[in-house]
file entry-v1.txt (compact mmCIF, C-alpha atoms and all ligand atoms)
# COMPACT_ATOMS: atom_id res chain seq x y z
CA MET Z 1 0.00 0.00 0.00
CA ASN Z 2 1.26 3.50 -0.83
CA LEU Z 3 1.27 5.23 2.56
CA ALA Z 4 2.48 8.52 1.09
CA ALA Z 5 -0.61 8.68 -1.13
CA LEU Z 6 -2.85 7.98 1.84
CA ARG Z 7 -1.23 10.78 3.79
CA ARG Z 8 -1.58 13.36 1.05
CA GLU Z 9 -3.62 16.22 2.41
CA PRO Z 10 -7.15 16.50 1.01
CA ARG Z 11 -6.56 20.16 0.18
CA THR Z 12 -9.69 20.73 -1.81
CA THR Z 13 -11.93 19.79 1.09
CA ARG Z 14 -10.15 22.00 3.60
CA SER Z 15 -11.44 25.47 4.21
CA TYR Z 16 -9.02 28.34 4.65
CA GLU Z 17 -9.71 28.38 8.39
CA ASP Z 18 -9.17 24.63 8.72
CA ARG Z 19 -5.80 25.01 7.03
CA ARG Z 20 -4.75 27.80 9.36
CA ARG Z 21 -5.96 25.81 12.35
CA ALA Z 22 -3.87 22.81 11.26
CA GLU Z 23 -0.79 25.03 10.91
CA ALA Z 24 -1.36 26.62 14.32
CA SER Z 25 -1.88 23.18 15.83
CA ALA Z 26 1.41 21.92 14.34
CA LEU Z 27 3.27 24.97 15.61
CA LEU Z 28 1.83 24.81 19.12
CA SER Z 29 2.66 21.12 19.46
CA SER Z 30 6.27 21.66 18.31
CA VAL Z 31 9.01 21.22 20.87
CA ALA Z 32 10.35 24.72 20.20
CA ALA Z 33 7.01 26.43 20.79
CA ARG Z 34 6.20 24.41 23.88
CA ALA Z 35 9.64 25.07 25.33
CA ALA Z 36 9.39 28.80 24.65
CA ILE Z 37 5.95 29.05 26.27
CA ALA Z 38 7.04 26.95 29.25
CA LEU Z 39 10.09 29.15 29.73
CA HIS Z 40 8.64 32.59 29.09
CA GLY Z 41 4.90 32.27 29.63
CA THR Z 42 2.49 34.52 27.79
CA PRO Z 43 1.94 36.76 25.99
CA LEU Z 44 4.59 35.54 23.61
CA LEU Z 45 5.22 36.02 19.90
CA LEU Z 46 6.75 33.05 18.10
CA LEU Z 47 8.87 34.14 15.16
CA ASP Z 48 9.92 31.64 12.52
CA PRO Z 49 12.74 33.23 10.47
CA ASP Z 50 12.56 30.43 7.93
CA ARG Z 51 9.16 31.68 6.81
CA VAL Z 52 10.61 35.12 6.14
CA ARG Z 53 13.37 33.56 4.07
CA ARG Z 54 10.91 31.44 2.13
CA GLN Z 55 8.58 34.36 1.49
CA TYR Z 56 11.43 36.45 0.12
CA ARG Z 57 12.48 33.61 -2.18
CA HIS Z 58 8.90 33.20 -3.31
CA LEU Z 59 8.67 36.87 -4.26
CA ARG Z 60 12.01 36.75 -6.03
CA ASP Z 61 11.07 33.61 -7.98
CA ALA Z 62 7.67 35.03 -8.93
CA LEU Z 63 9.13 38.35 -10.13
CA PRO Z 64 12.81 37.63 -10.84
CA PHE Z 65 13.43 40.97 -12.55
CA VAL Z 66 12.30 42.99 -9.49
CA GLY Z 67 14.77 44.14 -6.82
CA PHE Z 68 13.03 43.72 -3.47
CA HIS Z 69 13.63 46.12 -0.60
CA TYR Z 70 12.02 44.93 2.62
CA ALA Z 71 10.00 47.74 4.27
CA VAL Z 72 11.59 47.62 7.73
CA LYS Z 73 8.60 49.39 9.26
CA ALA Z 74 6.51 46.20 9.08
CA LEU Z 75 8.65 44.32 11.61
CA ALA Z 76 11.96 45.83 12.65
CA HIS Z 77 13.26 42.70 14.35
CA ASP Z 78 16.97 41.87 14.33
CA THR Z 79 16.45 38.28 13.23
CA VAL Z 80 14.25 39.33 10.31
CA LEU Z 81 16.83 41.86 9.20
CA ASP Z 82 19.64 39.31 9.49
CA VAL Z 83 17.75 36.68 7.50
CA LEU Z 84 16.94 39.09 4.69
CA ASP Z 85 20.42 40.58 4.70
CA GLU Z 86 21.91 37.10 4.29
CA ALA Z 87 19.45 36.29 1.52
CA GLY Z 88 20.57 39.37 -0.41
CA CYS Z 89 17.38 41.40 -0.04
CA GLY Z 90 17.52 45.19 -0.09
CA PHE Z 91 15.85 47.41 2.52
CA ASP Z 92 13.43 50.31 2.55
CA VAL Z 93 13.57 52.67 5.52
CA ALA Z 94 11.30 55.46 6.66
CA GLY Z 95 13.67 57.22 9.02
CA SER Z 96 17.03 57.44 10.75
CA GLU Z 97 16.28 54.83 13.42
CA GLU Z 98 15.49 52.17 10.84
CA LEU Z 99 18.54 53.17 8.83
CA ALA Z 100 20.74 52.84 11.92
CA LEU Z 101 19.37 49.34 12.61
CA LEU Z 102 20.74 48.33 9.23
CA THR Z 103 24.02 50.23 9.12
CA ARG Z 104 24.87 48.98 12.64
CA ARG Z 105 24.77 45.42 11.34
CA GLY Z 106 26.91 46.34 8.34
CA VAL Z 107 24.29 46.43 5.59
CA ASP Z 108 25.78 48.34 2.67
CA ALA Z 109 23.92 51.62 2.20
CA SER Z 110 23.68 51.00 -1.54
CA ARG Z 111 21.08 48.33 -0.68
CA ILE Z 112 18.97 50.79 1.30
CA ILE Z 113 16.37 53.19 -0.09
CA HIS Z 114 14.77 55.95 1.96
CA THR Z 115 11.15 56.25 0.90
CA HIS Z 116 9.53 58.61 3.36
CA PRO Z 117 8.37 61.55 1.22
CA ILE Z 118 8.83 64.03 4.11
CA LYS Z 119 12.14 64.11 5.97
CA LYS Z 120 13.87 66.41 8.44
CA PRO Z 121 16.90 68.02 6.80
CA ALA Z 122 19.06 66.43 9.51
CA GLU Z 123 17.68 63.03 8.61
CA ILE Z 124 18.61 63.52 4.96
CA ALA Z 125 22.12 64.55 6.02
CA GLU Z 126 22.42 61.42 8.20
CA ALA Z 127 21.23 59.15 5.40
CA LEU Z 128 23.61 60.76 2.88
CA ALA Z 129 26.49 60.46 5.35
CA ALA Z 130 25.66 56.76 5.79
CA GLY Z 131 25.87 56.33 2.00
CA ALA Z 132 22.17 56.10 1.08
CA ARG Z 133 21.48 57.74 -2.26
CA THR Z 134 17.91 56.92 -3.28
CA PHE Z 135 15.15 59.08 -1.77
CA VAL Z 136 11.49 59.76 -2.42
CA VAL Z 137 9.96 63.24 -2.78
CA ASP Z 138 6.50 64.52 -3.55
CA ASN Z 139 6.71 68.30 -3.22
CA ASP Z 140 8.83 71.35 -4.02
CA VAL Z 141 10.00 71.92 -0.45
CA GLU Z 142 11.42 68.42 -0.24
CA ILE Z 143 13.26 68.80 -3.54
CA GLU Z 144 14.94 71.97 -2.27
CA LYS Z 145 16.33 69.96 0.66
CA PHE Z 146 18.45 68.03 -1.87
CA ARG Z 147 20.03 71.06 -3.53
CA GLY Z 148 23.78 70.53 -3.23
CA ALA Z 149 23.47 66.82 -2.35
CA PRO Z 150 26.17 64.48 -3.76
CA ALA Z 151 25.94 64.16 -7.54
CA ASP Z 152 24.93 60.49 -7.39
CA THR Z 153 21.83 61.28 -5.30
CA ARG Z 154 18.69 59.97 -7.01
CA LEU Z 155 15.16 61.07 -6.34
CA LEU Z 156 11.99 59.14 -7.06
CA VAL Z 157 8.82 61.20 -7.41
CA ARG Z 158 6.00 59.61 -5.47
CA LEU Z 159 2.73 59.26 -7.37
CA ALA Z 160 -0.66 58.87 -5.71
CA TYR Z 161 -3.13 56.21 -6.75
CA ARG Z 162 -6.45 56.12 -4.94
CA SER Z 163 -7.05 52.71 -3.41
CA PRO Z 164 -10.42 52.61 -1.70
CA HIS Z 165 -10.18 48.81 -1.33
CA ALA Z 166 -6.87 48.83 0.51
CA LYS Z 167 -6.88 48.58 4.30
CA SER Z 168 -4.59 51.62 4.38
CA ASP Z 169 -5.07 53.92 1.41
CA LEU Z 170 -1.89 56.02 1.54
CA SER Z 171 -2.79 58.29 -1.37
CA SER Z 172 -4.43 61.03 0.68
CA LYS Z 173 -1.29 61.69 2.68
CA PHE Z 174 1.42 61.27 0.07
CA GLY Z 175 1.95 61.42 -3.65
CA VAL Z 176 1.01 63.60 -6.60
CA GLY Z 177 -0.90 63.31 -9.85
CA PRO Z 178 0.67 63.39 -13.34
CA PHE Z 179 0.68 67.19 -13.82
CA GLU Z 180 2.29 67.85 -10.45
CA ALA Z 181 4.76 65.03 -11.19
CA ALA Z 182 5.87 66.78 -14.39
CA HIS Z 183 6.30 70.03 -12.46
CA LEU Z 184 8.41 68.27 -9.79
CA VAL Z 185 10.72 66.73 -12.39
CA GLU Z 186 11.26 70.23 -13.83
CA ARG Z 187 11.88 71.66 -10.37
CA ALA Z 188 14.46 68.97 -9.65
CA LEU Z 189 16.20 69.61 -12.98
CA ALA Z 190 16.34 73.30 -12.12
CA ALA Z 191 17.80 72.47 -8.70
CA GLY Z 192 20.45 70.26 -10.29
CA VAL Z 193 19.12 67.07 -8.70
CA THR Z 194 18.57 63.84 -10.64
CA VAL Z 195 15.09 62.35 -10.84
CA ALA Z 196 15.75 58.66 -11.47
CA GLY Z 197 12.10 57.72 -11.81
CA PHE Z 198 8.87 57.25 -9.92
CA SER Z 199 7.47 55.40 -6.96
CA TYR Z 200 3.99 54.76 -5.66
CA HIS Z 201 2.22 52.66 -3.06
CA VAL Z 202 -1.07 51.14 -4.14
CA GLY Z 203 -2.22 50.97 -0.50
CA SER Z 204 -1.41 48.44 2.16
CA GLN Z 205 -3.25 45.10 2.33
CA LEU Z 206 -4.72 45.59 -1.12
CA ASP Z 207 -6.54 42.45 -2.23
CA ASP Z 208 -6.98 43.58 -5.83
CA PRO Z 209 -4.42 42.31 -8.37
CA GLY Z 210 -5.94 44.46 -11.13
CA ARG Z 211 -5.11 47.61 -9.19
CA PHE Z 212 -1.43 46.59 -8.94
CA ALA Z 213 -1.27 46.05 -12.69
CA ALA Z 214 -3.12 49.30 -13.49
CA ALA Z 215 -0.81 51.40 -11.28
CA ALA Z 216 2.28 49.88 -12.93
CA ALA Z 217 0.89 50.42 -16.44
CA ASP Z 218 -0.19 54.01 -15.70
CA THR Z 219 3.21 54.87 -14.24
CA LEU Z 220 5.07 53.39 -17.20
CA GLU Z 221 2.89 55.39 -19.56
CA LEU Z 222 3.52 58.59 -17.60
CA MET Z 223 7.26 57.92 -17.62
CA GLY Z 224 7.25 57.57 -21.40
CA ILE Z 225 5.28 60.80 -21.86
CA LEU Z 226 7.54 62.78 -19.53
CA GLU Z 227 10.71 61.40 -21.10
CA ARG Z 228 9.57 62.65 -24.48
CA ARG Z 229 8.18 65.96 -23.25
CA LEU Z 230 11.03 66.94 -20.94
CA ASN Z 231 13.76 65.24 -22.91
CA VAL Z 232 14.97 63.22 -19.92
CA GLN Z 233 15.67 59.53 -19.35
CA PHE Z 234 14.43 57.71 -16.27
CA ASP Z 235 16.01 54.48 -15.08
CA THR Z 236 13.98 53.39 -12.03
CA LEU Z 237 10.41 52.32 -11.33
CA ASP Z 238 9.51 51.59 -7.71
CA ILE Z 239 6.22 49.67 -7.46
CA GLY Z 240 6.04 50.06 -3.66
CA GLY Z 241 4.43 47.55 -1.30
CA GLY Z 242 0.84 46.59 -0.59
CA PHE Z 243 0.97 42.84 -1.25
CA PRO Z 244 -1.70 41.44 1.08
CA ALA Z 245 -1.50 38.78 3.79
CA SER Z 246 -4.33 36.39 4.65
CA TYR Z 247 -5.96 37.16 7.99
CA ASP Z 248 -9.54 35.96 8.57
CA ALA Z 249 -10.00 35.19 4.85
CA GLU Z 250 -7.72 34.19 2.03
CA SER Z 251 -6.24 37.12 0.06
CA ALA Z 252 -4.60 37.24 -3.35
CA ALA Z 253 -1.40 35.19 -3.29
CA ILE Z 254 2.03 36.32 -4.46
CA ASP Z 255 1.58 34.24 -7.61
CA ASP Z 256 -1.76 35.93 -8.41
CA LEU Z 257 -0.12 39.36 -8.21
CA ALA Z 258 2.94 38.25 -10.13
CA ALA Z 259 0.73 36.85 -12.89
CA VAL Z 260 -0.80 40.29 -13.57
CA LEU Z 261 2.36 42.31 -12.95
CA ARG Z 262 4.72 40.23 -15.08
CA PRO Z 263 3.25 41.08 -18.50
CA VAL Z 264 3.15 44.79 -17.63
CA LEU Z 265 6.62 45.08 -16.11
CA GLU Z 266 8.78 42.47 -17.81
CA PRO Z 267 9.02 44.23 -21.20
CA HIS Z 268 10.64 47.18 -19.37
CA ALA Z 269 12.98 45.18 -17.17
CA ARG Z 270 16.01 45.59 -19.43
CA ARG Z 271 15.71 49.33 -19.61
CA LEU Z 272 14.55 50.07 -16.05
CA ASP Z 273 15.65 49.12 -12.59
CA ILE Z 274 12.33 47.84 -11.25
CA ILE Z 275 12.21 47.75 -7.46
CA ALA Z 276 9.55 47.04 -4.81
CA GLU Z 277 9.16 47.74 -1.09
CA PRO Z 278 7.02 44.94 0.36
CA GLY Z 279 6.63 44.84 4.13
CA ARG Z 280 3.57 42.95 5.29
CA VAL Z 281 3.76 40.03 2.87
CA MET Z 282 7.34 39.28 3.92
CA VAL Z 283 6.64 38.88 7.63
CA ALA Z 284 2.92 38.60 8.42
CA ASP Z 285 2.88 34.79 8.41
CA ALA Z 286 6.21 34.45 10.16
CA MET Z 287 4.92 35.39 13.61
CA THR Z 288 2.25 33.81 15.81
CA LEU Z 289 0.90 35.28 19.01
CA VAL Z 290 0.19 33.12 22.04
CA THR Z 291 -1.94 34.73 24.75
CA SER Z 292 -3.70 33.34 27.76
CA VAL Z 293 -6.98 33.94 29.51
CA VAL Z 294 -6.52 36.05 32.64
CA GLY Z 295 -10.17 36.70 33.49
CA ILE Z 296 -13.68 35.54 32.64
CA ALA Z 297 -16.97 37.36 33.12
CA GLU Z 298 -20.60 36.83 32.14
CA ARG Z 299 -21.94 40.13 30.78
CA ALA Z 300 -25.29 41.14 29.31
CA ASP Z 301 -24.06 40.19 25.84
CA GLY Z 302 -22.56 36.87 26.86
CA ARG Z 303 -19.22 35.58 27.99
CA TRP Z 304 -16.12 37.73 27.98
CA TYR Z 305 -12.59 36.40 28.15
CA TYR Z 306 -9.85 38.86 29.14
CA LEU Z 307 -6.45 38.14 27.58
CA ASP Z 308 -2.92 39.20 28.49
CA ASP Z 309 -2.36 41.00 25.15
CA GLY Z 310 -4.67 43.38 23.32
CA LEU Z 311 -5.21 46.36 21.04
CA TYR Z 312 -2.61 48.48 22.79
CA GLY Z 313 -0.09 45.65 22.47
CA SER Z 314 0.43 43.06 19.74
CA TYR Z 315 -3.13 43.29 18.44
CA SER Z 316 -2.45 46.92 17.52
CA ASN Z 317 -3.01 45.83 13.90
CA VAL Z 318 -6.72 45.36 14.67
CA LEU Z 319 -6.93 48.95 15.86
CA THR Z 320 -4.68 50.71 13.37
CA GLU Z 321 -5.37 48.64 10.28
CA ASP Z 322 -8.76 47.02 10.73
CA VAL Z 323 -7.34 43.57 10.01
CA HIS Z 324 -8.70 40.62 11.95
CA PRO Z 325 -6.30 37.80 12.73
CA LEU Z 326 -7.84 34.40 13.44
CA ILE Z 327 -7.90 33.39 17.10
CA PHE Z 328 -7.85 29.72 18.03
CA ALA Z 329 -8.20 28.16 21.46
CA ALA Z 330 -5.33 25.80 22.25
CA ARG Z 331 -7.96 23.33 23.49
CA ASP Z 332 -9.37 23.18 19.96
CA LEU Z 333 -5.91 22.93 18.45
CA ALA Z 334 -5.20 19.91 20.62
CA ALA Z 335 -8.34 18.31 19.20
CA THR Z 336 -7.53 19.25 15.60
CA ASP Z 337 -7.16 16.54 13.00
CA PRO Z 338 -3.75 17.26 11.43
CA TRP Z 339 -4.89 16.25 7.93
CA THR Z 340 -8.25 18.00 7.67
CA GLY Z 341 -7.57 20.85 10.09
CA ARG Z 342 -11.01 20.29 11.60
CA VAL Z 343 -11.70 20.10 15.31
CA SER Z 344 -12.79 16.56 16.14
CA ALA Z 345 -16.55 16.11 16.29
CA GLY Z 346 -16.51 15.21 19.99
CA ALA Z 347 -14.61 18.33 20.95
CA ARG Z 348 -16.77 20.51 18.67
CA THR Z 349 -20.05 19.62 20.31
CA ALA Z 350 -18.61 20.06 23.78
CA GLU Z 351 -19.53 23.47 25.12
CA HIS Z 352 -18.67 25.87 22.33
CA ARG Z 353 -20.16 29.31 22.62
CA TRP Z 354 -19.81 32.77 21.14
CA ALA Z 355 -17.55 34.95 23.22
CA THR Z 356 -15.95 38.38 23.30
CA LEU Z 357 -12.16 38.61 23.62
CA ALA Z 358 -10.85 41.69 25.40
CA GLY Z 359 -7.33 43.00 25.93
CA PRO Z 360 -5.76 43.55 29.35
CA THR Z 361 -5.95 47.34 29.67
CA CYS Z 362 -8.67 49.23 31.48
CA ASP Z 363 -9.77 50.98 28.28
CA SER Z 364 -13.22 49.80 27.18
CA SER Z 365 -12.23 50.03 23.52
CA ASP Z 366 -9.57 47.36 24.10
CA VAL Z 367 -11.66 44.58 22.55
CA VAL Z 368 -9.77 42.28 20.22
CA ALA Z 369 -12.68 40.33 18.71
CA ARG Z 370 -16.39 39.74 19.19
CA GLU Z 371 -18.46 36.67 18.43
CA VAL Z 372 -15.62 34.18 18.41
CA LEU Z 373 -16.79 30.58 18.72
CA LEU Z 374 -14.77 29.07 21.55
CA PRO Z 375 -14.86 26.09 23.87
CA ASP Z 376 -15.35 26.62 27.56
CA LEU Z 377 -12.11 28.29 28.64
CA HIS Z 378 -10.50 28.64 32.06
CA VAL Z 379 -8.00 31.10 33.47
CA GLY Z 380 -4.59 30.14 32.07
CA ASP Z 381 -5.94 28.59 28.85
CA LEU Z 382 -3.96 29.54 25.78
CA LEU Z 383 -5.18 31.23 22.61
CA VAL Z 384 -3.23 31.41 19.38
CA SER Z 385 -3.32 33.97 16.54
CA PRO Z 386 -1.42 33.36 13.29
CA THR Z 387 -0.50 36.17 10.84
CA MET Z 388 0.83 38.41 13.60
CA GLY Z 389 4.16 39.44 12.05
CA ALA Z 390 3.31 42.73 10.35
CA TYR Z 391 2.46 46.03 12.02
CA THR Z 392 2.02 44.39 15.43
CA THR Z 393 5.06 44.85 17.67
CA VAL Z 394 6.12 47.96 15.78
CA THR Z 395 2.88 49.76 16.57
CA ALA Z 396 2.39 48.32 20.06
CA THR Z 397 2.36 50.75 22.99
CA ARG Z 398 3.09 50.47 26.71
CA PHE Z 399 -0.35 51.75 27.70
CA ASN Z 400 -1.22 50.89 31.32
CA GLY Z 401 2.48 50.28 31.90
CA ARG Z 402 2.37 46.92 30.18
CA PRO Z 403 5.67 45.65 28.80
CA PHE Z 404 6.12 44.89 25.11
CA THR Z 405 5.39 41.28 24.26
CA PRO Z 406 8.64 39.36 23.88
CA VAL Z 407 9.49 37.53 20.69
CA ALA Z 408 10.85 33.97 20.81
CA ILE Z 409 12.61 32.55 17.78
CA VAL Z 410 11.30 29.15 16.78
CA GLY Z 411 12.35 26.95 13.90
CA ARG Z 412 15.83 26.13 12.73
CA GLY Z 413 18.95 28.25 12.77
CA PRO Z 414 21.50 29.62 15.21
CA THR Z 415 19.02 31.98 16.90
CA ALA Z 416 16.41 29.31 17.63
CA GLY Z 417 15.25 29.51 21.22
CA GLN Z 418 16.36 33.12 21.67
CA VAL Z 419 13.91 35.49 23.23
CA ALA Z 420 14.04 39.22 22.87
CA VAL Z 421 11.83 42.18 23.44
CA PRO Z 422 11.01 43.49 19.95
CA SER Z 423 13.75 45.75 18.63
CA ASP Z 424 12.83 49.22 19.62
CA VAL Z 425 12.24 51.59 16.75
CA ARG Z 426 11.66 54.78 18.70
CA ARG Z 427 8.76 53.95 20.93
CA VAL Z 428 6.93 56.61 22.83
CA PRO Z 429 5.48 54.84 25.85
CA ILE Z 430 1.94 55.98 26.62
CA VAL Z 431 1.67 55.00 30.25
C1 LIG Z 501 6.57 54.03 1.49
C2 LIG Z 501 6.15 52.67 1.91
N1 LIG Z 501 6.77 51.61 1.38
C3 LIG Z 501 6.45 50.34 1.72
C4 LIG Z 501 5.46 50.10 2.65
C5 LIG Z 501 5.15 48.68 3.00
O1 LIG Z 501 3.88 48.38 2.58
P1 LIG Z 501 3.24 46.94 2.77
O2 LIG Z 501 3.51 46.53 4.16
O3 LIG Z 501 1.80 47.17 2.48
O4 LIG Z 501 3.88 46.04 1.77
C6 LIG Z 501 4.76 51.17 3.23
C7 LIG Z 501 3.69 50.95 4.20
O5 LIG Z 501 3.05 51.80 4.72
C8 LIG Z 501 5.11 52.50 2.85
O6 LIG Z 501 4.50 53.57 3.36

call {"tool": "encode", "arguments": {"input": "entry-v1.txt", "output": "C-alpha cells"}}
result
Amino acid sequence: MNLAALRREPRTTRSYEDRRRAEASALLSSVAARAAIALHGTPLLLLDPDRVRRQYRHLRDALPFVGFHYAVKALAHDTVLDVLDEAGCGFDVAGSEELALLTRRGVDASRIIHTHPIKKPAEIAEALAAGARTFVVDNDVEIEKFRGAPADTRLLVRLAYRSPHAKSDLSSKFGVGPFEAAHLVERALAAGVTVAGFSYHVGSQLDDPGRFAAAAADTLELMGILERRLNVQFDTLDIGGGFPASYDAESAAIDDLAAVLRPVLEPHARRLDIIAEPGRVMVADAMTLVTSVVGIAERADGRWYYLDDGLYGSYSNVLTEDVHPLIFAARDLAATDPWTGRVSAGARTAEHRWATLAGPTCDSSDVVAREVLLPDLHVGDLLVSPTMGAYTTVTATRFNGRPFTPVAIVGRGPTAGQVAVPSDVRRVPIV
C-alpha cells in the first residue's frame, strides 16, 4: 500500500480556516514552541525566520526581474533583518532609526532606499552620510532639501493612486498626480538634482491584483510621456508595497499578483531598474501570538474572556489597520485533525459558545474580537493567533504600563530559542 498517497492532504476539502488551524496546531505542538511558552509564559510572539526567508524567495522567484527592498517598518526585528540581509534582499527605511538598525549590522547603504516623502533636513544629512542615495519626494519643499546633495543622489517622485479597497489607502497623505509630477521633475532639474524615476504605493493590504497592474501600467505610460516631453531619461520604477497577507480570509497570493504584474513590467525590465518595497507580505505569516486567559466574566451580551495582550499591544493591527487575525483556542488545536484541520466532532459539540475577547488594559475600547466561537475556557488557557508578524510589535504601545510582548525565535537556525523584546524603533510609551 502507498502510505504517502494515503497521507496526502485533502486540500480541496479543507477550508481556509481549517488550514490555518492545522498550521497553528502543528506549531503549538512543536518542541520549540512548547519550550518557549514553558520558559517565558504569555503573551509571547513566536517568530519563525525560515518563513521570512521562504517568502522572500517566493517573491524573487515570482518576479525575478524585481529588486526587493524589505520595508523595515513592518517588523523591525533583528532576526528578520539578518535573514533578509543574508538572503541578499535590499531594505526600505522610513527614518534614521530604521537606517541605523541596518548600518549597525553592516548592511551596505547601496542596498537601502529611503522612501519617506517628508524628511527632516538632519535626517537627509544622516542618510547621505551613511551612504544612502535613493530618496522619495512629492513636493517642491522636499526637492529643495536636496540642492547641493552628492551628484549620485537619485530622487523618485511619489505618485498617488487612490485605493479605496486597501486597508490603508496612503494616497491622501502622500503622492502627486501626473501634472504635479511633471512640475516636480522640472523643479528637480532646475535644482540640479537627478530624478531617477517614480514610486507609488497602491495601499497596504490591497486584495486587488488588477489595481497593482493598473498602477504599474499608468506609471510606465507617464514615464514615457515625460521622457519625451522633458527630454529626460528615467532608469527606475519603484512599485512600492501593498501585497496582502491572509488574515480571517484568504487574500490574493504572491503568484496571483505576479501573474498580472509580469506582463506589464517584464518588457521594461532591461531598460529600467524595477524595485519594490514589500513589508507585510514578507513577515505577516512568520509570527504567531500566544496569549492566555486572565479573566472571565458573564456580561449582558454573553461571555467575555480577558487576555494578556490586546489592542494596545500586539493586536495593535486590529486597531490601526482594521485587520482581523484568526484566534484559536489551544484546546481546539489539541483536538484538531492534522490532515483535515477540523476540530474533532466530539470536541466541537462540547460546550462551544460565542464569546468576546478583550485586551488587558482598562480601556473599554480594548476589545480584540467579538463573536468568536470558543470552547469553555478557564483562566490560564492559551489562545493562538497566526498572521501576527506585520504592524504588530512595531505599533504596540506600553499603555497601562504593560511591557512589550517578547518575541521567541522558533524553527531552525543559530538563533532558535532566543527570546528578545522586539527591537525598539523609537517607541513613545503611553503609560
Ligand atoms: C513608502 C512605503 N513603502 C512600503 C510600505 C510597506 O507596505 P506593505 O507593508 O503594504 O507592503 C509602506 C507601508 O506603509 C510605505 O508607506

call {"tool": "closest_atom_pairs", "arguments": {"input": "entry-v1.txt", "of": "chain Z", "to": "ligand LIG 501 (chain Z)", "cutoff": "8 Å", "atoms": "only C-alpha atoms and all ligand atoms", "output": "CSV"}}
result
residue,atom,partner,partner_atom,distance
Z:Tyr70,CA,Z:LIG501,C3,7.8
Z:Ala71,CA,Z:LIG501,C3,5.1
Z:Lys73,CA,Z:LIG501,C5,7.2
Z:Ala74,CA,Z:LIG501,O2,5.8
Z:Asp92,CA,Z:LIG501,N1,6.9
Z:Ala94,CA,Z:LIG501,C1,7.2
Z:Thr115,CA,Z:LIG501,C1,5.1
Z:His116,CA,Z:LIG501,C1,5.8
Z:Pro117,CA,Z:LIG501,C1,7.7
Z:Ser168,CA,Z:LIG501,O5,7.6
Z:Leu170,CA,Z:LIG501,O6,7.1
Z:Tyr200,CA,Z:LIG501,C1,7.6
Z:His201,CA,Z:LIG501,C2,6.3
Z:Gly203,CA,Z:LIG501,O3,6.3
Z:Ser204,CA,Z:LIG501,O3,3.5
Z:Gln205,CA,Z:LIG501,O3,5.5
Z:Leu206,CA,Z:LIG501,O3,7.6
Z:Gly240,CA,Z:LIG501,N1,5.3
Z:Gly241,CA,Z:LIG501,O4,3.5
Z:Gly242,CA,Z:LIG501,O3,3.3
Z:Phe243,CA,Z:LIG501,O4,5.3
Z:Pro244,CA,Z:LIG501,O3,6.9
Z:Ala276,CA,Z:LIG501,C3,7.9
Z:Glu277,CA,Z:LIG501,C3,4.7
Z:Pro278,CA,Z:LIG501,O4,3.6
Z:Gly279,CA,Z:LIG501,O2,3.5
Z:Arg280,CA,Z:LIG501,O2,3.8
Z:Val281,CA,Z:LIG501,O4,6.1
Z:Met282,CA,Z:LIG501,O4,7.9
Z:Ala390,CA,Z:LIG501,O2,7.3
Z:Tyr391,CA,Z:LIG501,O2,7.9

call {"tool": "atom_distance", "arguments": {"input": "entry-v1.txt", "atom1": "atom CA of Z:Phe179", "atom2": "atom CA of Z:Asp273"}}
result
23.5 Å

call {"tool": "residues_around", "arguments": {"input": "entry-v1.txt", "residues": "stretch 22-26 of chain Z", "least_positions_apart": "3", "cutoff": "8 Å", "atoms": "all atoms listed in the file", "output": "PyMOL selection string"}}
result
chain Z and resi 18-19+29-30+330+333-334+336-342+384-386

call {"tool": "atom_distance", "arguments": {"input": "entry-v1.txt", "atom1": "atom CA of Z:Ile409", "atom2": "atom CA of Z:Asp50"}}
result
10.1 Å

call {"tool": "residues_around", "arguments": {"input": "entry-v1.txt", "residues": "Z:Thr405", "least_positions_apart": "5", "cutoff": "12 Å", "atoms": "only C-alpha atoms", "output": "mmCIF file with C-alpha atoms, in the frame of the given file"}}
result
data_model
loop_
_atom_site.group_PDB
_atom_site.id
_atom_site.type_symbol
_atom_site.label_atom_id
_atom_site.label_comp_id
_atom_site.auth_asym_id
_atom_site.auth_seq_id
_atom_site.Cartn_x
_atom_site.Cartn_y
_atom_site.Cartn_z
ATOM 1 C CA HIS Z 40 8.640 32.590 29.090
ATOM 2 C CA GLY Z 41 4.900 32.270 29.630
ATOM 3 C CA THR Z 42 2.490 34.520 27.790
ATOM 4 C CA PRO Z 43 1.940 36.760 25.990
ATOM 5 C CA LEU Z 44 4.590 35.540 23.610
ATOM 6 C CA LEU Z 45 5.220 36.020 19.900
ATOM 7 C CA LEU Z 46 6.750 33.050 18.100
ATOM 8 C CA THR Z 288 2.250 33.810 15.810
ATOM 9 C CA LEU Z 289 0.900 35.280 19.010
ATOM 10 C CA VAL Z 290 0.190 33.120 22.040
ATOM 11 C CA THR Z 291 -1.940 34.730 24.750
ATOM 12 C CA ASP Z 308 -2.920 39.200 28.490
ATOM 13 C CA ASP Z 309 -2.360 41.000 25.150
ATOM 14 C CA GLY Z 310 -4.670 43.380 23.320
ATOM 15 C CA TYR Z 312 -2.610 48.480 22.790
ATOM 16 C CA GLY Z 313 -0.090 45.650 22.470
ATOM 17 C CA SER Z 314 0.430 43.060 19.740
ATOM 18 C CA TYR Z 315 -3.130 43.290 18.440
ATOM 19 C CA SER Z 316 -2.450 46.920 17.520
ATOM 20 C CA MET Z 388 0.830 38.410 13.600
ATOM 21 C CA THR Z 392 2.020 44.390 15.430
ATOM 22 C CA THR Z 393 5.060 44.850 17.670
ATOM 23 C CA VAL Z 394 6.120 47.960 15.780
ATOM 24 C CA THR Z 395 2.880 49.760 16.570
ATOM 25 C CA ALA Z 396 2.390 48.320 20.060
ATOM 26 C CA THR Z 397 2.360 50.750 22.990
ATOM 27 C CA ARG Z 398 3.090 50.470 26.710
ATOM 28 C CA VAL Z 419 13.910 35.490 23.230
ATOM 29 C CA ALA Z 420 14.040 39.220 22.870
ATOM 30 C CA VAL Z 421 11.830 42.180 23.440
ATOM 31 C CA PRO Z 422 11.010 43.490 19.950
ATOM 32 C CA SER Z 423 13.750 45.750 18.630
ATOM 33 C CA ASP Z 424 12.830 49.220 19.620
#

call {"tool": "axis_aligned_box", "arguments": {"input": "entry-v1.txt", "around": "stretch 148-158 of chain Z", "padding_each_side": "8 Å", "output": "AutoDock Vina command-line options"}}
result
--center_x 16.1 --center_y 64.8 --center_z -4.9 --size_x 36.2 --size_y 27.4 --size_z 21.2

call {"tool": "closest_residue", "arguments": {"input": "entry-v1.txt", "among": "Z:Ala196, Z:Ala213, Z:Ala87, Z:Val176", "to": "Z:Asp256", "atoms": "all atoms listed in the file"}}
result
Z:Ala213
